[in-house]
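Working notes, structure below.
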Amino acid sequence: ECREDGVPEEVVEKLRCNLLHDLSCALAAYTEGPVVWPLVADRGPAESTLLCHGGKVDAEHAAFANAVLMHARAQADTYYSAKSHLGSSVIPPSLALAEQLGADGERFLRAVVSGYEVAAAVGDPLEPYSTPRGFRASMVYGTLGSAAACASLLGLDEEGVANAIAIASSFSGGLSQTWIEGTTEWRWELGMAARNGLWAARLAATGAAGASEWLEGPAGLARAFAGVESIDDEHWAAL
């Protein structure tokens, strides 16, 4: 049973719905597989399962490929307040790492909820400013969510989780020019968000440190992506 005391039942039920929906999206995108499989085939040890394909590769490549499939039809769950497909960036790396680690359902639940919460908390106040500047919210904030989820699965302490998210802020990116020109970058962006967040958590697990002011510093994520000048600005009230 995917349940833990302290997590409201409605949150657990929503997670079940999102998980089933997003896995269905990945399965429906099976025809996208021929594009993805050559990029990840025979990569690393057989740690984590490739959806639809059934083969196993290392967790990072499984996170990438499965996120690409999950997002391929642009039907994955959407968090509209931050205009982000959080499930496609948080669920695939969580599944891949949980499989590698042999984590149980409760651990997976905590990780995914953590990932959604972090991505939403940062994306809510910043997306209205970052999107008009040309940045794609799903990748900017989804990378943070992936890192938080994977840090949870790895059992990092408070400092370790903070470092994972901080490192992930430097791995975030993604432009919306793809929509203007009709090119294909959007298809791969959430795969990179999923993989980059997992790498950020791995680095934090080795003791790598991220900037303490990664969010509100003079060259932090808020100013770089959203043009927010001060932590005191009114749109920070949500945080």
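Starting from 1 in every chain, residues are counted up; chains themselves are A, B, ... following the order of the structure tokens, and ligands are numbered from 1 as listed.
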Determine, counting only C-alpha atoms, which protein, DNA and RNA residues have an atom within 10 Å of an atom of Leu27 of chain A; residues of the same chain fewer than 3 positions away are not included. Present the result as a PyMOL selection string. chain A and resi 21-24+30-33+51-53+66+69-70
Set out as a Markdown table a contact list for segment 31-142 of chain A and segment 184-192 of chain A with a cut-off of 6 Å, giving each residue of segment 31-142 of chain A that qualifies its closest atom pair and distance in Å to one decimal, counting only C-alpha atoms, ordered by chain and rising residue number.
| residue | atom | partner | partner_atom | distance |
| --- | --- | --- | --- | --- |
| A:Phe64 | CA | A:Gly191 | CA | 4.1 |
| A:Ala67 | CA | A:Gly191 | CA | 4.7 |
| A:Val68 | CA | A:Gly191 | CA | 4.9 |
| A:Ser89 | CA | A:Leu190 | CA | 5.5 |
| A:Met139 | CA | A:Leu190 | CA | 5.8 |
Please identify the strand (DSSP E) residues within segment 12-216 of chain A (assignment by DSSP from backbone atoms) and present them as a VMD selection string. chain A and resid 48 to 49 56 to 57
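Considering the residues A:Arg73, A:Ala222, A:Trp199, A:Glu159 and counting only C-alpha atoms, Tyr141 of chain A has its shortest atom-to-atom contact with A:Ala222.
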Leaving out Arg136 of chain A and any residue of its chain fewer than 3 positions from it, which residues lie within 9 Å of it when counting only C-alpha atoms, given as a CSV table (one decimal) with N, CA and C atoms, in the first residue's frame?
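Okay, this is what ended up in result_23.csv:
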chain,number,residue,atom,x,y,z
A,83,LYS,N,2.4,26.5,-14.8
A,83,LYS,CA,2.5,26.1,-16.2
A,83,LYS,C,3.5,25.0,-16.5
A,84,SER,N,3.5,24.0,-15.6
A,84,SER,CA,4.6,23.0,-15.7
A,84,SER,C,4.0,21.6,-15.7
A,127,GLU,N,6.9,31.7,-12.2
A,127,GLU,CA,6.5,31.5,-13.6
A,127,GLU,C,5.9,32.6,-14.3
A,130,SER,N,9.1,34.3,-15.4
A,130,SER,CA,10.1,33.6,-16.2
A,130,SER,C,9.6,33.3,-17.6
A,131,THR,N,8.3,32.9,-17.7
A,131,THR,CA,7.8,32.5,-19.1
A,131,THR,C,7.9,33.7,-20.1
A,139,MET,N,10.8,22.8,-17.5
A,139,MET,CA,12.2,22.4,-17.3
A,139,MET,C,12.9,23.2,-16.2
A,140,VAL,N,12.6,24.5,-16.1
A,140,VAL,CA,13.2,25.3,-15.1
A,140,VAL,C,12.9,24.7,-13.7
A,141,TYR,N,11.6,24.5,-13.5
A,141,TYR,CA,11.1,24.1,-12.1
A,141,TYR,C,11.0,22.6,-12.0
A,173,GLY,N,17.0,25.0,-17.1
A,173,GLY,CA,17.1,25.7,-18.4
A,173,GLY,C,15.9,25.5,-19.2
A,174,GLY,N,16.1,25.5,-20.5
A,174,GLY,CA,15.0,25.3,-21.4
A,174,GLY,C,14.3,26.5,-22.0
A,175,LEU,N,14.3,26.7,-23.3
A,175,LEU,CA,13.7,27.9,-23.9
A,175,LEU,C,12.4,27.5,-24.6
A,176,SER,N,11.6,28.5,-24.8
A,176,SER,CA,10.3,28.4,-25.5
A,176,SER,C,10.4,28.7,-26.9
A,177,GLN,N,11.5,29.0,-27.4
A,177,GLN,CA,11.7,29.3,-28.9
A,177,GLN,C,11.2,28.2,-29.7
A,186,TRP,N,11.3,20.8,-27.4
A,186,TRP,CA,10.3,20.6,-26.3
A,186,TRP,C,10.2,19.1,-26.0
A,189,GLU,N,13.2,18.2,-23.5
A,189,GLU,CA,13.5,19.1,-22.3
A,189,GLU,C,13.2,18.4,-21.0
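Here atom CA of Leu221 of chain A is placed at a distance of 28.4 Å from atom CA of Ala98 of chain A.
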From A:Glu158, A:Ile91, A:Ala166, A:Ala226, residue lying nearest Pro125 of chain A [only C-alpha atoms]: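 Going through A:Glu158, A:Ile91, A:Ala166, A:Ala226 one by one, the smallest distance to Pro125 of chain A is for A:Ala226.
Minimum atom-to-atom distances from A:Ser212, A:Ser94, A:Ser169, A:Ser146 to Leu19 of chain A were compared using only C-alpha atoms, and the lowest value belongs to A:Ser94.
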Residues of segment 17-188 of chain A in helix (DSSP H, G or I) according to DSSP, as a PyMOL selection string? chain A and resi 17-28+30-40+59-71+80-82+86-101+105-130+137-153+158-171+177-181+185-188
From the options A:Gly207, A:Val12, A:Pro128, A:Gln100, which residue's atoms come nearest to Glu47 of chain A, counting only C-alpha atoms? A:Gln100
For Ala65 of chain A, which residue among A:Ala208, A:Ala148, A:Leu154, A:Ala193 is the nearest when counting only C-alpha atoms?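 Ranking A:Ala208, A:Ala148, A:Leu154, A:Ala193 by distance to Ala65 of chain A, first place goes to A:Ala193.
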Judged by only C-alpha atoms, the minimum distance to Thr206 of chain A among A:Ala26, A:Ala151, A:Ala103, A:Ala224 is found for A:Ala151
Atom CA of Ala121 of chain A to atom CA of Ile165 of chain A, straight-line distance in Å: 12.5 Å
